[in-house]
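Coordinates from entry.cif are shown below (mmCIF, C-alpha atoms).
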```cif
data_target
#
loop_
_atom_site.group_PDB
_atom_site.id
_atom_site.type_symbol
_atom_site.label_atom_id
_atom_site.label_comp_id
_atom_site.auth_asym_id
_atom_site.auth_seq_id
_atom_site.Cartn_x
_atom_site.Cartn_y
_atom_site.Cartn_z
ATOM 1 C CA MET A 1 -4.772 23.649 -10.086
ATOM 2 C CA MET A 2 -1.793 21.838 -11.532
ATOM 3 C CA LYS A 3 -2.494 18.863 -13.799
ATOM 4 C CA LEU A 4 -0.686 16.410 -11.538
ATOM 5 C CA ILE A 5 -2.891 17.255 -8.558
ATOM 6 C CA ILE A 6 -6.035 17.045 -10.697
ATOM 7 C CA PHE A 7 -5.151 13.534 -11.840
ATOM 8 C CA LEU A 8 -4.067 12.403 -8.403
ATOM 9 C CA LEU A 9 -7.168 13.607 -6.583
ATOM 10 C CA PRO A 10 -10.219 10.967 -6.756
ATOM 11 C CA LEU A 11 -2.396 9.971 -5.184
ATOM 12 C CA PHE A 12 5.850 4.185 4.358
ATOM 13 C CA THR A 13 9.116 5.281 6.338
ATOM 14 C CA TRP A 14 11.550 2.526 7.014
ATOM 15 C CA ALA A 15 14.018 3.885 4.522
ATOM 16 C CA GLN A 16 16.703 6.412 5.223
ATOM 17 C CA ASN A 17 16.693 9.555 3.075
ATOM 18 C CA ALA A 18 19.275 7.978 0.783
ATOM 19 C CA GLY A 19 16.725 5.304 -0.194
ATOM 20 C CA VAL A 20 13.740 7.557 -0.875
ATOM 21 C CA GLU A 21 14.651 8.186 -4.512
ATOM 22 C CA ASP A 22 15.149 4.457 -5.092
ATOM 23 C CA PHE A 23 11.644 3.778 -3.795
ATOM 24 C CA LEU A 24 10.156 6.645 -5.818
ATOM 25 C CA THR A 25 11.671 5.448 -9.108
ATOM 26 C CA SER A 26 11.108 1.737 -8.513
ATOM 27 C CA GLN A 27 7.819 1.288 -10.397
ATOM 28 C CA THR A 28 4.650 3.084 -11.447
ATOM 29 C CA TRP A 29 2.678 4.475 -8.498
ATOM 30 C CA ASN A 30 -1.128 4.221 -8.624
ATOM 31 C CA ILE A 31 -3.457 6.420 -6.593
ATOM 32 C CA ALA A 32 -5.401 4.347 -4.071
ATOM 33 C CA TYR A 33 -6.767 6.858 -1.534
ATOM 34 C CA ASN A 34 -6.707 10.466 -0.414
ATOM 35 C CA ILE A 35 -6.842 12.116 2.994
ATOM 36 C CA SER A 36 -8.611 15.442 3.401
ATOM 37 C CA PRO A 37 -7.079 18.325 5.383
ATOM 38 C CA GLU A 38 -9.512 17.326 8.145
ATOM 39 C CA GLY A 39 -8.023 13.829 8.255
ATOM 40 C CA GLU A 40 -10.850 11.943 6.501
ATOM 41 C CA ARG A 41 -9.477 9.043 4.476
ATOM 42 C CA ILE A 42 -11.355 8.193 1.280
ATOM 43 C CA GLU A 43 -10.486 4.906 -0.412
ATOM 44 C CA GLU A 44 -10.733 4.535 -4.187
ATOM 45 C CA GLU A 45 -12.764 1.363 -4.618
ATOM 46 C CA SER A 46 -12.711 1.231 -8.426
ATOM 47 C CA GLN A 47 -9.801 -0.910 -9.579
ATOM 48 C CA GLU A 48 -10.050 0.647 -13.043
ATOM 49 C CA LYS A 49 -9.599 4.141 -11.602
ATOM 50 C CA ILE A 50 -6.614 2.945 -9.554
ATOM 51 C CA ARG A 51 -5.026 1.495 -12.689
ATOM 52 C CA SER A 52 -5.711 4.623 -14.772
ATOM 53 C CA ASN A 53 -4.557 7.238 -12.226
ATOM 54 C CA TRP A 54 -0.819 7.012 -11.824
ATOM 55 C CA VAL A 55 2.519 8.788 -11.683
ATOM 56 C CA LYS A 56 5.898 7.453 -12.710
ATOM 57 C CA PHE A 57 9.132 9.021 -11.438
ATOM 58 C CA HIS A 58 12.171 8.553 -13.685
ATOM 59 C CA LYS A 59 15.759 8.555 -12.521
ATOM 60 C CA ASP A 60 16.598 11.354 -14.990
ATOM 61 C CA GLY A 61 14.438 13.764 -12.948
ATOM 62 C CA SER A 62 11.317 13.647 -15.125
ATOM 63 C CA TYR A 63 7.890 12.282 -14.235
ATOM 64 C CA GLU A 64 4.798 11.240 -16.169
ATOM 65 C CA THR A 65 1.075 11.316 -15.394
ATOM 66 C CA PRO A 66 -1.969 10.623 -17.621
ATOM 67 C CA GLY A 67 -3.108 13.518 -19.820
ATOM 68 C CA GLY A 68 -1.964 15.891 -22.514
ATOM 69 C CA VAL A 69 -2.180 15.545 -26.287
ATOM 70 C CA SER A 70 0.121 12.529 -26.259
ATOM 71 C CA GLY A 71 -1.787 10.858 -23.419
ATOM 72 C CA LYS A 72 0.894 11.790 -20.896
ATOM 73 C CA THR A 73 1.849 14.917 -18.996
ATOM 74 C CA ILE A 74 5.603 15.318 -18.508
ATOM 75 C CA GLY A 75 7.212 17.354 -15.747
ATOM 76 C CA LYS A 76 10.372 17.582 -13.668
ATOM 77 C CA TRP A 77 10.976 16.534 -10.085
ATOM 78 C CA THR A 78 13.723 16.796 -7.501
ATOM 79 C CA TYR A 79 13.921 15.438 -3.966
ATOM 80 C CA ASN A 80 15.320 17.478 -1.061
ATOM 81 C CA PRO A 81 16.454 15.136 1.756
ATOM 82 C CA GLU A 82 16.795 18.028 4.218
ATOM 83 C CA THR A 83 13.087 18.883 4.004
ATOM 84 C CA ASN A 84 11.915 15.427 2.867
ATOM 85 C CA ALA A 85 10.054 17.146 0.044
ATOM 86 C CA ILE A 86 9.553 16.391 -3.644
ATOM 87 C CA HIS A 87 9.613 19.582 -5.741
ATOM 88 C CA PHE A 88 7.569 19.473 -8.959
ATOM 89 C CA ASN A 89 7.986 21.694 -11.998
ATOM 90 C CA GLU A 90 5.233 21.297 -14.574
ATOM 91 C CA ASN A 91 5.550 23.728 -17.499
ATOM 92 C CA GLY A 92 6.747 26.446 -15.141
ATOM 93 C CA ALA A 93 4.217 25.727 -12.377
ATOM 94 C CA LYS A 94 6.119 24.795 -9.216
ATOM 95 C CA TYR A 95 4.812 23.051 -6.108
ATOM 96 C CA ARG A 96 5.967 20.512 -3.553
ATOM 97 C CA ALA A 97 4.815 17.504 -1.556
ATOM 98 C CA ILE A 98 6.254 16.207 1.699
ATOM 99 C CA VAL A 99 6.952 12.464 1.754
ATOM 100 C CA ASP A 100 5.037 11.410 4.868
ATOM 101 C CA GLU A 101 5.517 7.664 4.338
ATOM 102 C CA ILE A 102 7.362 5.549 1.790
ATOM 103 C CA SER A 103 8.228 1.882 1.397
ATOM 104 C CA ASP A 104 8.374 -0.675 -1.395
ATOM 105 C CA ILE A 105 4.555 -0.862 -1.499
ATOM 106 C CA ASN A 106 3.151 2.441 -0.265
ATOM 107 C CA LEU A 107 3.720 6.170 -0.735
ATOM 108 C CA LEU A 108 1.926 8.974 1.121
ATOM 109 C CA LEU A 109 2.419 12.530 -0.167
ATOM 110 C CA HIS A 110 1.381 15.626 1.803
ATOM 111 C CA TYR A 111 0.643 18.663 -0.368
ATOM 112 C CA VAL A 112 1.341 21.236 2.333
ATOM 113 C CA ASP A 113 1.110 24.269 0.023
ATOM 114 C CA ASN A 114 -2.103 23.253 -1.720
ATOM 115 C CA GLY A 115 -4.642 22.932 1.076
ATOM 116 C CA GLY A 116 -2.866 20.308 3.139
ATOM 117 C CA PHE A 117 -4.489 17.241 1.588
ATOM 118 C CA LYS A 118 -2.638 13.929 1.294
ATOM 119 C CA LEU A 119 -2.515 11.373 -1.511
ATOM 120 C CA GLY A 120 -1.831 7.683 -0.966
ATOM 121 C CA LEU A 121 -0.292 5.574 -3.722
ATOM 122 C CA ILE A 122 0.453 1.900 -4.190
ATOM 123 C CA HIS A 123 1.962 -0.258 -6.916
ATOM 124 C CA TYR A 124 -1.037 -1.794 -8.697
ATOM 125 C CA VAL A 125 1.308 -4.321 -10.261
ATOM 126 C CA HIS A 126 3.709 -5.051 -7.434
ATOM 127 C CA ILE A 127 7.120 -6.647 -7.814
ATOM 128 C CA PRO A 128 7.914 -7.546 -4.200
ATOM 129 C CA LYS A 129 11.208 -6.770 -2.599
ATOM 130 C CA VAL A 130 12.420 -9.923 -0.871
ATOM 131 C CA LYS A 131 12.669 -9.474 2.878
ATOM 132 C CA SER A 132 14.371 -11.775 5.349
ATOM 133 C CA ASN A 133 12.246 -13.852 7.705
ATOM 134 C CA GLU A 134 13.371 -11.576 10.537
ATOM 135 C CA GLU A 135 12.145 -8.480 8.687
ATOM 136 C CA THR A 136 8.845 -10.148 7.797
ATOM 137 C CA THR A 137 8.345 -11.318 11.384
ATOM 138 C CA GLN A 138 8.731 -7.734 12.587
ATOM 139 C CA ILE A 139 6.019 -6.628 10.168
ATOM 140 C CA LEU A 140 3.599 -9.458 10.952
ATOM 141 C CA THR A 141 3.877 -9.096 14.722
ATOM 142 C CA SER A 142 3.827 -5.285 14.777
ATOM 143 C CA GLY A 143 0.132 -5.091 15.678
ATOM 144 C CA LYS A 144 -3.403 -6.024 14.679
ATOM 145 C CA TRP A 145 -4.191 -6.104 10.931
ATOM 146 C CA ASN A 146 -7.680 -5.285 9.640
ATOM 147 C CA VAL A 147 -8.632 -7.242 6.510
ATOM 148 C CA VAL A 148 -9.687 -4.755 3.835
ATOM 149 C CA LEU A 149 -10.431 -7.112 0.957
ATOM 150 C CA LYS A 150 -9.874 -10.549 -0.475
ATOM 151 C CA ARG A 151 -9.428 -11.014 -4.219
ATOM 152 C CA PHE A 152 -9.805 -14.129 -6.356
ATOM 153 C CA GLU A 153 -8.840 -13.529 -9.984
ATOM 154 C CA GLU A 154 -11.243 -10.724 -11.030
ATOM 155 C CA ILE A 155 -13.623 -11.260 -8.116
ATOM 156 C CA GLU A 156 -13.104 -8.808 -5.270
ATOM 157 C CA ASP A 157 -14.635 -9.380 -1.841
ATOM 158 C CA ARG A 158 -14.312 -6.073 0.029
ATOM 159 C CA VAL A 159 -15.032 -6.053 3.762
ATOM 160 C CA PRO A 160 -17.970 -3.707 4.510
ATOM 161 C CA ALA A 161 -17.001 -0.633 6.517
ATOM 162 C CA GLU A 162 -19.243 -1.664 9.396
ATOM 163 C CA ASN A 163 -17.427 -5.018 9.687
ATOM 164 C CA LEU A 164 -13.878 -3.714 9.320
ATOM 165 C CA GLU A 165 -13.211 -3.343 13.045
ATOM 166 C CA ASP A 166 -14.223 -6.977 13.655
ATOM 167 C CA THR A 167 -12.314 -8.480 10.690
ATOM 168 C CA TRP A 168 -8.635 -8.873 11.512
ATOM 169 C CA TYR A 169 -5.529 -10.997 12.043
ATOM 170 C CA GLU A 170 -3.076 -10.659 14.922
ATOM 171 C CA PHE A 171 0.203 -12.576 14.687
ATOM 172 C CA HIS A 172 2.010 -13.391 17.928
ATOM 173 C CA PRO A 173 5.817 -13.764 18.203
ATOM 174 C CA GLU A 174 5.576 -17.278 19.635
ATOM 175 C CA GLY A 175 4.098 -18.620 16.369
ATOM 176 C CA THR A 176 0.370 -18.397 17.059
ATOM 177 C CA TYR A 177 -2.220 -16.076 15.579
ATOM 178 C CA THR A 178 -5.760 -14.944 16.273
ATOM 179 C CA LYS A 179 -8.243 -13.939 13.608
ATOM 180 C CA SER A 180 -11.715 -12.461 13.723
ATOM 181 C CA GLU A 181 -14.408 -12.303 11.055
ATOM 182 C CA VAL A 182 -18.108 -11.538 10.801
ATOM 183 C CA ILE A 183 -20.268 -14.520 9.838
ATOM 184 C CA SER A 184 -24.023 -13.995 9.564
ATOM 185 C CA GLU A 185 -23.745 -10.863 11.710
ATOM 186 C CA ASN A 186 -21.890 -12.807 14.402
ATOM 187 C CA VAL A 187 -18.268 -12.028 15.300
ATOM 188 C CA VAL A 188 -16.296 -15.292 15.245
ATOM 189 C CA THR A 189 -12.773 -15.493 16.665
ATOM 190 C CA GLN A 190 -10.367 -18.354 15.908
ATOM 191 C CA GLU A 191 -6.789 -19.234 16.736
ATOM 192 C CA GLY A 192 -4.085 -20.972 14.731
ATOM 193 C CA THR A 193 -0.354 -21.311 14.169
ATOM 194 C CA TRP A 194 2.060 -19.705 11.726
ATOM 195 C CA PHE A 195 5.678 -19.933 10.634
ATOM 196 C CA LEU A 196 7.931 -18.616 7.860
ATOM 197 C CA ASP A 197 9.697 -21.227 5.756
ATOM 198 C CA GLU A 198 13.058 -21.196 3.971
ATOM 199 C CA LYS A 199 11.405 -19.596 0.914
ATOM 200 C CA PHE A 200 10.268 -16.617 3.068
ATOM 201 C CA GLN A 201 6.648 -17.788 2.754
ATOM 202 C CA LEU A 202 3.985 -17.586 5.447
ATOM 203 C CA ASN A 203 2.493 -20.956 6.415
ATOM 204 C CA LEU A 204 -0.782 -20.896 8.337
ATOM 205 C CA ASP A 205 -1.792 -23.956 10.382
ATOM 206 C CA SER A 206 0.790 -26.066 8.505
ATOM 207 C CA GLY A 207 -1.737 -26.532 5.700
ATOM 208 C CA GLU A 208 -0.860 -27.135 2.053
ATOM 209 C CA ASN A 209 -3.530 -24.663 0.902
ATOM 210 C CA THR A 210 -2.627 -21.836 3.283
ATOM 211 C CA ILE A 211 0.846 -20.785 2.135
ATOM 212 C CA TYR A 212 1.379 -17.143 1.197
ATOM 213 C CA THR A 213 4.042 -14.787 -0.003
ATOM 214 C CA VAL A 214 4.202 -11.675 2.177
ATOM 215 C CA VAL A 215 4.790 -8.035 1.309
ATOM 216 C CA GLY A 216 4.226 -5.232 3.736
ATOM 217 C CA ASP A 217 5.415 -2.347 5.811
ATOM 218 C CA LYS A 218 4.284 -0.657 9.020
ATOM 219 C CA SER A 219 0.888 0.312 7.539
ATOM 220 C CA MET A 220 -0.045 -2.241 4.881
ATOM 221 C CA LEU A 221 0.146 -6.035 4.500
ATOM 222 C CA ILE A 222 -0.571 -8.166 1.415
ATOM 223 C CA LEU A 223 -0.704 -11.967 1.515
ATOM 224 C CA THR A 224 -0.686 -13.734 -1.854
ATOM 225 C CA SER A 225 -1.615 -17.399 -2.069
ATOM 226 C CA ILE A 226 0.679 -19.741 -3.969
ATOM 227 C CA THR A 227 -1.702 -22.695 -3.729
ATOM 228 C CA GLY A 228 -5.107 -21.459 -4.856
ATOM 229 C CA GLY A 229 -8.104 -20.046 -3.038
ATOM 230 C CA TYR A 230 -8.009 -16.293 -2.582
ATOM 231 C CA ASN A 231 -5.209 -14.830 -4.669
ATOM 232 C CA THR A 232 -4.640 -11.935 -2.297
ATOM 233 C CA ILE A 233 -5.640 -10.805 1.153
ATOM 234 C CA GLU A 234 -5.041 -7.100 1.697
ATOM 235 C CA MET A 235 -4.831 -5.653 5.203
ATOM 236 C CA LYS A 236 -4.078 -2.342 6.868
ATOM 237 C CA LYS A 237 -2.828 -1.683 10.379
ATOM 238 C CA ALA A 238 -5.640 -1.316 12.877
ATOM 239 C CA LYS A 239 -5.855 2.019 14.640
#
```
As structure tokens:
Amino acid sequence: MMKLIIFLLPLFTWAQNAGVEDFLTSQTWNIAYNISPEGERIEEESQEKIRSNWVKFHKDGSYETPGGVSGKTIGKWTYNPETNAIHFNENGAKYRAIVDEISDINLLLHYVDNGGFKLGLIHYVHIPKVKSNEETTQILTSGKWNVVLKRFEEIEDRVPAENLEDTWYEFHPEGTYTKSEVISENVVTQEGTWFLDEKFQLNLDSGENTIYTVVGDKSMLILTSITGGYNTIEMKKAK
């Protein structure tokens, strides 16, 4: 199978078609999960593998992935807005992927001609696109968010799969929120308040140590502390 697919195996939309290419060429995309043709989602838990498996789309129509004699495999790509498909040409081998979802933090590609599997990508090093408080409010209040992991420097605290359903935040439009977590096998639910300040930062419970920058889309939410504690809290939309 083509080299790109081999490297992407173990690779959202609020944009109009005109913005897809801008999102694609914004930064390096790192492979974070894959979805089998049967719909099973498999997360890549190794941060080193996420960092080392990537694809970079260039505005000149070329792309790069790891591999080859020089350490990189170079190919060509074009985007067809009528079919919402990226067409790849790698040393004469041609294939395509449908853009199922795309945003400034997440990309989901559907390889319809190669078994129907899907590859999910993120920016491992993310340069956030500033959103207005109105846009961020729409994201926060769009549903329940399951906490996937919390990260402090190099320490990663991943929520066990069996606790994922009971570990979540839900932000309400009136400025309150509810959160749930598992403590000593007990599910504990708490309530608090939230607001967005003039710097587009999320303030929880009006506390000095609970102020976060926010990046997200309809499927993924990342809170990054500016005051210490957990550096990041990563969440995904609850089903």
Tell me, as a ChimeraX atom specification, which residues lie within 9 Å of range 83-86 of chain A, counting all atoms listed in the file; anything in the same chain fewer than 3 positions away does not count. /A:17,20,77-80,95-100,109-110
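If you count all atoms listed in the file and draw a sphere of 9 Å around (-3.0, 2.7, -10.1), the protein and nucleic acid residues inside it come out as Leu11, Thr28, Trp29, Asn30, Ile31, Ala32, Gln47, Glu48, Lys49, Ile50, Arg51, Ser52, Asn53, Trp54, Val55, Leu121, Ile122, His123, Tyr124 and Val125 of chain A.
Across A:Ala161, A:Met235, A:Leu204, A:Leu149, the tightest approach to Ser219 in chain A is made by A:Met235 when counting all atoms listed in the file.
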Sphere at (6.7, 2.8, 2.8), radius 10 Å, counting all atoms listed in the file: residues as a VMD selection string: chain A and resid 12 to 15 20 23 99 to 108 121 to 122 216 to 220
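Shortest atom-to-atom contact with Leu196 in chain A among A:Glu135, A:Glu162, A:Glu154, A:Glu234: A:Glu135, counting all atoms listed in the file.
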What does the PyMOL selection byres ((chain A and resi 191) around 7) select in this file, as a PyMOL selection string? chain A and resi 177-179+190+192
Residues matched by the PyMOL selection byres ((chain A and resi 59) around 12) as a count of residues only: 20
If you count only C-alpha atoms, which residues fall within 12 Å of Glu165 in chain A, apart from same-chain ones fewer than 6 positions away, as JSON, numbers by chain? {"A": [144, 145, 146, 147, 148, 159, 179, 180, 181, 182, 187, 235, 236, 237, 238, 239]}
Please write the residues from the selection above to a file, keeping C-alpha atoms, as a compact mmCIF listing (two decimals), in the coordinates of the input.
```
# COMPACT_ATOMS: atom_id res chain seq x y z
CA LYS A 144 -3.40 -6.02 14.68
CA TRP A 145 -4.19 -6.10 10.93
CA ASN A 146 -7.68 -5.28 9.64
CA VAL A 147 -8.63 -7.24 6.51
CA VAL A 148 -9.69 -4.76 3.84
CA VAL A 159 -15.03 -6.05 3.76
CA LYS A 179 -8.24 -13.94 13.61
CA SER A 180 -11.72 -12.46 13.72
CA GLU A 181 -14.41 -12.30 11.06
CA VAL A 182 -18.11 -11.54 10.80
CA VAL A 187 -18.27 -12.03 15.30
CA MET A 235 -4.83 -5.65 5.20
CA LYS A 236 -4.08 -2.34 6.87
CA LYS A 237 -2.83 -1.68 10.38
CA ALA A 238 -5.64 -1.32 12.88
CA LYS A 239 -5.86 2.02 14.64
```
Please enclose the listed atoms of range 82-96 of chain A in an axis-aligned box, pad each side by 4 Å, and write out the centre and the three edge lengths in Å, rounded to one decimal, as JSON.
```
{"center_x": 10.5, "center_y": 20.9, "center_z": -6.6, "size_x": 20.6, "size_y": 19.0, "size_z": 29.7}
```
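Minimum distance to Lys150 in chain A across A:Thr167, A:Thr189, A:Ile127, A:His172 (counting only C-alpha atoms) occurs at A:Thr167.
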Interatomic distance, CA of Gly120 in chain A to CA of Tyr33 in chain A (Å, one decimal): 5.0 Å
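Minimum atom-to-atom distance to Thr141 in chain A, evaluated using only C-alpha atoms, belongs to A:Pro173 out of A:Pro173, A:Gly19, A:Pro160, A:Gly116.
Between Glu153 in chain A and the candidates A:Gln138, A:Thr176, A:Asn133, A:Thr224, the tightest atom-to-atom separation, counting all atoms listed in the file, involves A:Thr224.
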Which residue of A:Glu170, A:Asp157, A:Glu198, A:Asp205 approaches Ile233 in chain A most closely, using all atoms listed in the file: A:Asp157
Between CA of Ile155 in chain A and CA of His126 in chain A, what distance in Å does the model show, to one decimal? 18.4 Å
